[in-house]
Amino acid sequence: MAQGAKEIKTIGILTSGGDAPGMNAAIRAVVRKAIGNGVKVKGIKKGYQGLLNEEIVDMEKKDVSDIIQRGGTILGTARCTEFKLPEVQERAAEICRKHGIDGMVVIGGDGSYRGAQALARHGINTIGLPGTIDLDIACTEYTIGFDTAVNTAMQAIDKVRDTSSSHERCNIIEVMGRNAGYIALWCGVANGAEDILLPEKYDFKEQNIINNIITNRKRGKTHHIIVNAEGIGHSTSMARRIEAATGIETRATILGYMQRGGSPTCKDRFYASIMGSYATDILCEGKSNRVVGYQKGQFVDFDIEEALNMQKQIPEYQYQVSRLLSQ
C-alpha cells in the first residue's frame, strides 16, 4: 500500500448502464480477490439507483459460484439520470460510509465513470472497469462484452446470408454499438459483407450502395449483405429505398438486444476476470479515481479524467482493408 493511502476494509461493487456478457466474471473476480486479500465485499443491486435505494447485500465466495458462464449481471443494472446532481452524488457517498464501504468497483461505460469520479471526489476510493459491448472506451483496446457480442452478431449474419443467397436478396443487417462502428466493422470483415456502414465514415450517399448492388448482380452475385451500424440506423426505410431503386428484393434485419445476451466467450470470461482482480488489487493499494484498461498486451490503469478526455477512432488501415475486401 502506498504511503499515506487509506486502508480499504470493505469494497462495494456495482454494474451500471447497459449489461454486457462477462460482467459476472468480473464480479466473481472482485469478490474472490477481495476476500483473498482480507477485505469484505458488498454487492450493490441495480447500479447507482440501487445505491441510492440502499439495495446493498453482503457477498461471500459462494455467492459468485456458478455465475462465470452466465450472461447479463447478477447484480442487475439500471440507468440513473439523477446521479448527475451534486447533492445526489454527496448522498450516495454518505450511503457508502453508512454501510462501511470505503472502496468501490464500478463496471460500465463512460457515463458510469463519471459517477465513479463523483464518488472519488467525495472520499470513496473508486476504480472503473470497461463493461460495454460497444468497444467505444478510448483508453482500452478491449471492453468486457465486445467479444461475445461480435461473435453473436457474426453467427446471426452467417445465417441471414444463407437465406439471402437462396432467395437472391439484398439484406441490411443492423448491429449495435451506439455511435461507434466497431461491431459493424468486425462483422463486416468477418462475414464478408459487400457494404459496411460505419457512423465514423458513412457519407450518406446511398446511390453508391445502389450502384454497388447493381454492379455485383451483373457480375453474378446472388446476394448482397450490408452491415449497418446502429449509429446510422434507419435500416427498414433504407431497405425500401434500395428495393425501389434496384428492383431487387431487400430485407432489413435488426439484431438488437440479442447481442447483449448469451454465455460469454472464453476471452470475455478471462479478460474480465483479470480486470476484476487488477481493479481489486489497485484499490487495496490505495489507488482511486482510476479506470482499468488493456493496451499492447498489458492490463493498465488511467486517471478517470484522462480516460474520459481520450478520443477513439476507427483505425484507418482496418477501414481501408474492409473496403478492399468487400469488393
# chains A, B, ... in the order shown; residues from 1 in each chain; ligands from 1
>>> residues_around(residues="region 318-324 of chain A", least_positions_apart="6", cutoff="9 Å", atoms="only C-alpha atoms", output="PyMOL selection string")
chain A and resi 185-186+188-189+192-196+201
>>> residues_around(residues="region 134-140 of chain A", least_positions_apart="4", cutoff="9 Å", atoms="only C-alpha atoms", output="VMD selection string")
chain A and resid 109 to 110 130 144 to 146 149 176 to 183 291 to 295 300 to 302 306 to 313
>>> write_last_selection(atoms="C-alpha atoms", output="short mmCIF file (atom, residue, chain, number, x, y, z; two decimals), in the first residue's frame")
data_model
loop_
_atom_site.label_atom_id
_atom_site.label_comp_id
_atom_site.auth_asym_id
_atom_site.auth_seq_id
_atom_site.Cartn_x
_atom_site.Cartn_y
_atom_site.Cartn_z
CA GLY A 109 -19.09 2.69 -19.70
CA ASP A 110 -18.21 6.39 -19.88
CA PRO A 130 -14.82 -1.06 -19.00
CA ILE A 144 -15.95 -6.52 -21.36
CA GLY A 145 -18.67 -7.99 -23.58
CA PHE A 146 -17.44 -6.92 -27.01
CA ALA A 149 -21.44 -9.54 -28.82
CA MET A 176 -25.49 -2.48 -32.08
CA GLY A 177 -22.73 -0.13 -30.97
CA ARG A 178 -24.46 3.19 -30.25
CA ASN A 179 -22.41 5.81 -32.12
CA ALA A 180 -19.40 3.54 -32.58
CA GLY A 181 -18.89 1.27 -35.57
CA TYR A 182 -16.62 -1.43 -34.13
CA ILE A 183 -19.17 -4.26 -34.12
CA VAL A 291 -10.06 3.21 -14.94
CA VAL A 292 -8.65 -0.21 -15.82
CA GLY A 293 -7.76 -0.77 -19.46
CA TYR A 294 -5.94 -3.16 -21.77
CA GLN A 295 -3.25 -1.86 -24.10
CA VAL A 300 -3.09 -0.87 -17.15
CA ASP A 301 -4.93 1.93 -15.37
CA PHE A 302 -5.58 5.61 -16.07
CA GLU A 306 -7.58 11.47 -18.54
CA ALA A 307 -9.51 8.43 -19.81
CA LEU A 308 -12.67 10.45 -20.49
CA ASN A 309 -10.71 13.04 -22.46
CA MET A 310 -9.16 10.46 -24.80
CA GLN A 311 -10.53 10.16 -28.33
CA LYS A 312 -11.05 6.90 -30.20
CA GLN A 313 -11.39 6.47 -33.95
#
>>> closest_atom_pairs(of="region 225-324 of chain A", to="region 204-217 of chain A", cutoff="10 Å", atoms="only C-alpha atoms", output="JSON lines")
{"residue": "A:Ile225", "atom": "CA", "partner": "A:Ile213", "partner_atom": "CA", "distance": 9.3}
{"residue": "A:Ile226", "atom": "CA", "partner": "A:Ile209", "partner_atom": "CA", "distance": 8.9}
{"residue": "A:Ile232", "atom": "CA", "partner": "A:Phe204", "partner_atom": "CA", "distance": 9.0}
{"residue": "A:Met238", "atom": "CA", "partner": "A:Glu206", "partner_atom": "CA", "distance": 8.5}
{"residue": "A:Arg241", "atom": "CA", "partner": "A:Glu206", "partner_atom": "CA", "distance": 9.1}
{"residue": "A:Ile242", "atom": "CA", "partner": "A:Ile210", "partner_atom": "CA", "distance": 6.3}
{"residue": "A:Glu243", "atom": "CA", "partner": "A:Ile210", "partner_atom": "CA", "distance": 9.1}
{"residue": "A:Ala245", "atom": "CA", "partner": "A:Ile210", "partner_atom": "CA", "distance": 7.1}
{"residue": "A:Thr246", "atom": "CA", "partner": "A:Ile214", "partner_atom": "CA", "distance": 6.7}
{"residue": "A:Gly247", "atom": "CA", "partner": "A:Ile214", "partner_atom": "CA", "distance": 9.5}
{"residue": "A:Ile248", "atom": "CA", "partner": "A:Ile214", "partner_atom": "CA", "distance": 8.9}
>>> residues_around(residues="region 69-75 of chain A", least_positions_apart="2", cutoff="9 Å", atoms="only C-alpha atoms", output="list of chain:residue names")
A:Ile13, A:Leu14, A:Thr15, A:Asp19, A:Ala20, A:Pro21, A:Gly22, A:Met23, A:Asn24, A:Ala25, A:Ile27, A:Gly43, A:Ile44, A:Lys45, A:Lys46, A:Gly47, A:Val64, A:Asp66, A:Ile67, A:Thr77, A:Arg260, A:Gly261, A:Gly262, A:Ser263, A:Pro264, A:Thr265, A:Arg269
>>> select_by_dssp(residues="region 145-275 of chain A", states="alpha helix (DSSP H)", output="number ranges by chain")
A: 146-167, 182-190, 206-218, 235-246, 266-275
>>> atom_distance(atom1="CA of Ser166 (chain A)", atom2="CA of His224 (chain A)")
11.6 Å
>>> closest_residue(among="A:Gln298, A:Ile68, A:Glu316, A:Asn171", to="Ser235 (chain A)", atoms="only C-alpha atoms")
A:Asn171
>>> closest_residue(among="A:Ser112, A:Thr132, A:Thr148, A:Asn228", to="Cys266 (chain A)", atoms="only C-alpha atoms")
A:Thr148
>>> residues_around(residues="region 79-86 of chain A", least_positions_apart="3", cutoff="9 Å", atoms="only C-alpha atoms", output="list in words")
Ser16, Gly17, Gly18, Lys46, Gly47, Tyr48, Gln49, Leu52, Gln89, Glu90, Arg91, Ala92, Arg114, Gly115 and Ala118 of chain A
>>> write_last_selection(atoms="N, CA and C atoms", output="CSV table (one decimal), in the first residue's frame")
chain,number,residue,atom,x,y,z
A,16,SER,N,-23.3,-0.8,-14.0
A,16,SER,CA,-24.1,0.4,-14.4
A,16,SER,C,-24.3,0.5,-15.9
A,17,GLY,N,-25.4,1.1,-16.4
A,17,GLY,CA,-25.6,1.2,-17.8
A,17,GLY,C,-26.0,-0.1,-18.4
A,18,GLY,N,-25.7,-0.2,-19.7
A,18,GLY,CA,-26.1,-1.4,-20.4
A,18,GLY,C,-25.3,-2.7,-19.9
A,46,LYS,N,-28.7,-3.1,-9.0
A,46,LYS,CA,-29.3,-2.1,-9.9
A,46,LYS,C,-28.6,-0.8,-10.0
A,47,GLY,N,-27.2,-0.9,-10.0
A,47,GLY,CA,-26.4,0.3,-10.3
A,47,GLY,C,-26.5,1.4,-9.3
A,48,TYR,N,-26.3,2.6,-9.8
A,48,TYR,CA,-26.3,3.8,-8.9
A,48,TYR,C,-27.7,4.0,-8.3
A,49,GLN,N,-28.7,3.6,-9.0
A,49,GLN,CA,-30.1,3.7,-8.5
A,49,GLN,C,-30.2,2.8,-7.3
A,52,LEU,N,-28.5,4.4,-4.3
A,52,LEU,CA,-29.4,5.4,-3.6
A,52,LEU,C,-30.5,4.8,-2.8
A,89,GLN,N,-24.9,12.9,-5.6
A,89,GLN,CA,-23.6,12.3,-5.5
A,89,GLN,C,-23.1,12.3,-4.1
A,90,GLU,N,-23.3,13.4,-3.4
A,90,GLU,CA,-22.9,13.5,-2.0
A,90,GLU,C,-23.7,12.5,-1.1
A,91,ARG,N,-25.0,12.4,-1.4
A,91,ARG,CA,-25.8,11.5,-0.6
A,91,ARG,C,-25.4,10.0,-0.9
A,92,ALA,N,-25.0,9.7,-2.1
A,92,ALA,CA,-24.5,8.4,-2.4
A,92,ALA,C,-23.2,8.0,-1.6
A,114,ARG,N,-18.2,8.7,-14.9
A,114,ARG,CA,-18.5,10.0,-14.3
A,114,ARG,C,-19.1,9.8,-12.9
A,115,GLY,N,-19.9,8.8,-12.7
A,115,GLY,CA,-20.4,8.6,-11.4
A,115,GLY,C,-19.3,8.1,-10.4
A,118,ALA,N,-17.3,11.0,-9.3
A,118,ALA,CA,-18.0,11.8,-8.3
A,118,ALA,C,-17.8,11.2,-6.9
>>> select_by_dssp(residues="region 12-200 of chain A", states="strand (DSSP E)", output="ChimeraX atom specification")
/A:12-15,40-44,56-59,103-108,125-130,170-175,195-197
>>> closest_residue(among="A:Val30, A:Ala184, A:Leu129, A:Met59", to="Gly231 (chain A)", atoms="only C-alpha atoms")
A:Ala184
>>> decode(residues="region 147-181 of chain A", atoms="N, CA and C atoms", output="PDB file, in the first residue's frame")
ATOM      1  N   ASP A 147     -16.353  -9.074 -27.243  1.00  0.00           N
ATOM      2  CA  ASP A 147     -16.027 -10.301 -27.972  1.00  0.00           C
ATOM      3  C   ASP A 147     -17.247 -11.200 -28.122  1.00  0.00           C
ATOM      4  N   THR A 148     -18.028 -11.334 -27.056  1.00  0.00           N
ATOM      5  CA  THR A 148     -19.241 -12.147 -27.133  1.00  0.00           C
ATOM      6  C   THR A 148     -20.248 -11.536 -28.098  1.00  0.00           C
ATOM      7  N   ALA A 149     -20.452 -10.225 -27.980  1.00  0.00           N
ATOM      8  CA  ALA A 149     -21.444  -9.540 -28.819  1.00  0.00           C
ATOM      9  C   ALA A 149     -21.096  -9.658 -30.297  1.00  0.00           C
ATOM     10  N   VAL A 150     -19.832  -9.480 -30.623  1.00  0.00           N
ATOM     11  CA  VAL A 150     -19.443  -9.500 -32.039  1.00  0.00           C
ATOM     12  C   VAL A 150     -19.531 -10.923 -32.597  1.00  0.00           C
ATOM     13  N   ASN A 151     -19.274 -11.928 -31.769  1.00  0.00           N
ATOM     14  CA  ASN A 151     -19.429 -13.309 -32.215  1.00  0.00           C
ATOM     15  C   ASN A 151     -20.901 -13.684 -32.375  1.00  0.00           C
ATOM     16  N   THR A 152     -21.748 -13.186 -31.476  1.00  0.00           N
ATOM     17  CA  THR A 152     -23.191 -13.417 -31.606  1.00  0.00           C
ATOM     18  C   THR A 152     -23.706 -12.815 -32.912  1.00  0.00           C
ATOM     19  N   ALA A 153     -23.301 -11.581 -33.181  1.00  0.00           N
ATOM     20  CA  ALA A 153     -23.728 -10.911 -34.411  1.00  0.00           C
ATOM     21  C   ALA A 153     -23.195 -11.628 -35.646  1.00  0.00           C
ATOM     22  N   MET A 154     -21.934 -12.032 -35.606  1.00  0.00           N
ATOM     23  CA  MET A 154     -21.326 -12.727 -36.747  1.00  0.00           C
ATOM     24  C   MET A 154     -22.100 -13.995 -37.098  1.00  0.00           C
ATOM     25  N   GLN A 155     -22.447 -14.778 -36.072  1.00  0.00           N
ATOM     26  CA  GLN A 155     -23.171 -16.028 -36.314  1.00  0.00           C
ATOM     27  C   GLN A 155     -24.567 -15.768 -36.882  1.00  0.00           C
ATOM     28  N   ALA A 156     -25.216 -14.711 -36.393  1.00  0.00           N
ATOM     29  CA  ALA A 156     -26.543 -14.364 -36.911  1.00  0.00           C
ATOM     30  C   ALA A 156     -26.462 -13.929 -38.374  1.00  0.00           C
ATOM     31  N   ILE A 157     -25.439 -13.151 -38.707  1.00  0.00           N
ATOM     32  CA  ILE A 157     -25.286 -12.663 -40.087  1.00  0.00           C
ATOM     33  C   ILE A 157     -24.993 -13.830 -41.033  1.00  0.00           C
ATOM     34  N   ASP A 158     -24.206 -14.804 -40.572  1.00  0.00           N
ATOM     35  CA  ASP A 158     -23.975 -16.006 -41.394  1.00  0.00           C
ATOM     36  C   ASP A 158     -25.292 -16.673 -41.770  1.00  0.00           C
ATOM     37  N   LYS A 159     -26.192 -16.750 -40.814  1.00  0.00           N
ATOM     38  CA  LYS A 159     -27.487 -17.388 -41.070  1.00  0.00           C
ATOM     39  C   LYS A 159     -28.331 -16.579 -42.047  1.00  0.00           C
ATOM     40  N   VAL A 160     -28.304 -15.261 -41.897  1.00  0.00           N
ATOM     41  CA  VAL A 160     -29.056 -14.405 -42.823  1.00  0.00           C
ATOM     42  C   VAL A 160     -28.473 -14.522 -44.230  1.00  0.00           C
ATOM     43  N   ARG A 161     -27.162 -14.626 -44.323  1.00  0.00           N
ATOM     44  CA  ARG A 161     -26.520 -14.775 -45.639  1.00  0.00           C
ATOM     45  C   ARG A 161     -27.025 -16.026 -46.349  1.00  0.00           C
ATOM     46  N   ASP A 162     -27.186 -17.119 -45.620  1.00  0.00           N
ATOM     47  CA  ASP A 162     -27.658 -18.366 -46.233  1.00  0.00           C
ATOM     48  C   ASP A 162     -29.007 -18.171 -46.925  1.00  0.00           C
ATOM     49  N   THR A 163     -29.943 -17.570 -46.187  1.00  0.00           N
ATOM     50  CA  THR A 163     -31.281 -17.392 -46.775  1.00  0.00           C
ATOM     51  C   THR A 163     -31.278 -16.290 -47.818  1.00  0.00           C
ATOM     52  N   SER A 164     -30.401 -15.309 -47.655  1.00  0.00           N
ATOM     53  CA  SER A 164     -30.286 -14.241 -48.646  1.00  0.00           C
ATOM     54  C   SER A 164     -29.840 -14.796 -49.995  1.00  0.00           C
ATOM     55  N   SER A 165     -28.892 -15.727 -49.947  1.00  0.00           N
ATOM     56  CA  SER A 165     -28.399 -16.341 -51.184  1.00  0.00           C
ATOM     57  C   SER A 165     -29.473 -17.224 -51.820  1.00  0.00           C
ATOM     58  N   SER A 166     -30.210 -17.959 -50.989  1.00  0.00           N
ATOM     59  CA  SER A 166     -31.273 -18.843 -51.509  1.00  0.00           C
ATOM     60  C   SER A 166     -32.326 -18.069 -52.284  1.00  0.00           C
ATOM     61  N   HIS A 167     -32.666 -16.864 -51.772  1.00  0.00           N
ATOM     62  CA  HIS A 167     -33.728 -16.061 -52.388  1.00  0.00           C
ATOM     63  C   HIS A 167     -33.191 -14.945 -53.295  1.00  0.00           C
ATOM     64  N   GLU A 168     -31.862 -14.905 -53.437  1.00  0.00           N
ATOM     65  CA  GLU A 168     -31.211 -13.873 -54.255  1.00  0.00           C
ATOM     66  C   GLU A 168     -31.653 -12.470 -53.825  1.00  0.00           C
ATOM     67  N   ARG A 169     -31.563 -12.240 -52.536  1.00  0.00           N
ATOM     68  CA  ARG A 169     -31.981 -10.967 -51.955  1.00  0.00           C
ATOM     69  C   ARG A 169     -30.788 -10.092 -51.592  1.00  0.00           C
ATOM     70  N   CYS A 170     -31.126  -8.858 -51.309  1.00  0.00           N
ATOM     71  CA  CYS A 170     -30.224  -7.939 -50.621  1.00  0.00           C
ATOM     72  C   CYS A 170     -30.695  -7.887 -49.168  1.00  0.00           C
ATOM     73  N   ASN A 171     -29.773  -7.960 -48.213  1.00  0.00           N
ATOM     74  CA  ASN A 171     -30.118  -7.894 -46.802  1.00  0.00           C
ATOM     75  C   ASN A 171     -29.301  -6.819 -46.078  1.00  0.00           C
ATOM     76  N   ILE A 172     -30.024  -5.963 -45.368  1.00  0.00           N
ATOM     77  CA  ILE A 172     -29.371  -4.991 -44.494  1.00  0.00           C
ATOM     78  C   ILE A 172     -29.484  -5.523 -43.073  1.00  0.00           C
ATOM     79  N   ILE A 173     -28.348  -5.711 -42.422  1.00  0.00           N
ATOM     80  CA  ILE A 173     -28.345  -6.246 -41.064  1.00  0.00           C
ATOM     81  C   ILE A 173     -27.771  -5.175 -40.140  1.00  0.00           C
ATOM     82  N   GLU A 174     -28.609  -4.730 -39.216  1.00  0.00           N
ATOM     83  CA  GLU A 174     -28.205  -3.652 -38.310  1.00  0.00           C
ATOM     84  C   GLU A 174     -27.690  -4.234 -37.003  1.00  0.00           C
ATOM     85  N   VAL A 175     -26.476  -3.812 -36.633  1.00  0.00           N
ATOM     86  CA  VAL A 175     -25.847  -4.285 -35.400  1.00  0.00           C
ATOM     87  C   VAL A 175     -25.759  -3.142 -34.394  1.00  0.00           C
ATOM     88  N   MET A 176     -25.546  -3.494 -33.135  1.00  0.00           N
ATOM     89  CA  MET A 176     -25.491  -2.481 -32.082  1.00  0.00           C
ATOM     90  C   MET A 176     -24.136  -1.786 -32.050  1.00  0.00           C
ATOM     91  N   GLY A 177     -23.989  -0.863 -31.099  1.00  0.00           N
ATOM     92  CA  GLY A 177     -22.731  -0.132 -30.971  1.00  0.00           C
ATOM     93  C   GLY A 177     -22.918   1.339 -30.655  1.00  0.00           C
ATOM     94  N   ARG A 178     -24.163   1.763 -30.458  1.00  0.00           N
ATOM     95  CA  ARG A 178     -24.463   3.195 -30.246  1.00  0.00           C
ATOM     96  C   ARG A 178     -23.856   4.006 -31.388  1.00  0.00           C
ATOM     97  N   ASN A 179     -22.996   4.968 -31.071  1.00  0.00           N
ATOM     98  CA  ASN A 179     -22.410   5.813 -32.118  1.00  0.00           C
ATOM     99  C   ASN A 179     -21.049   5.310 -32.591  1.00  0.00           C
ATOM    100  N   ALA A 180     -20.682   4.122 -32.179  1.00  0.00           N
ATOM    101  CA  ALA A 180     -19.396   3.538 -32.577  1.00  0.00           C
ATOM    102  C   ALA A 180     -19.622   2.401 -33.564  1.00  0.00           C
ATOM    103  N   GLY A 181     -18.705   2.242 -34.504  1.00  0.00           N
ATOM    104  CA  GLY A 181     -18.886   1.265 -35.573  1.00  0.00           C
ATOM    105  C   GLY A 181     -18.059   0.006 -35.452  1.00  0.00           C
TER     106      GLY A 181
END
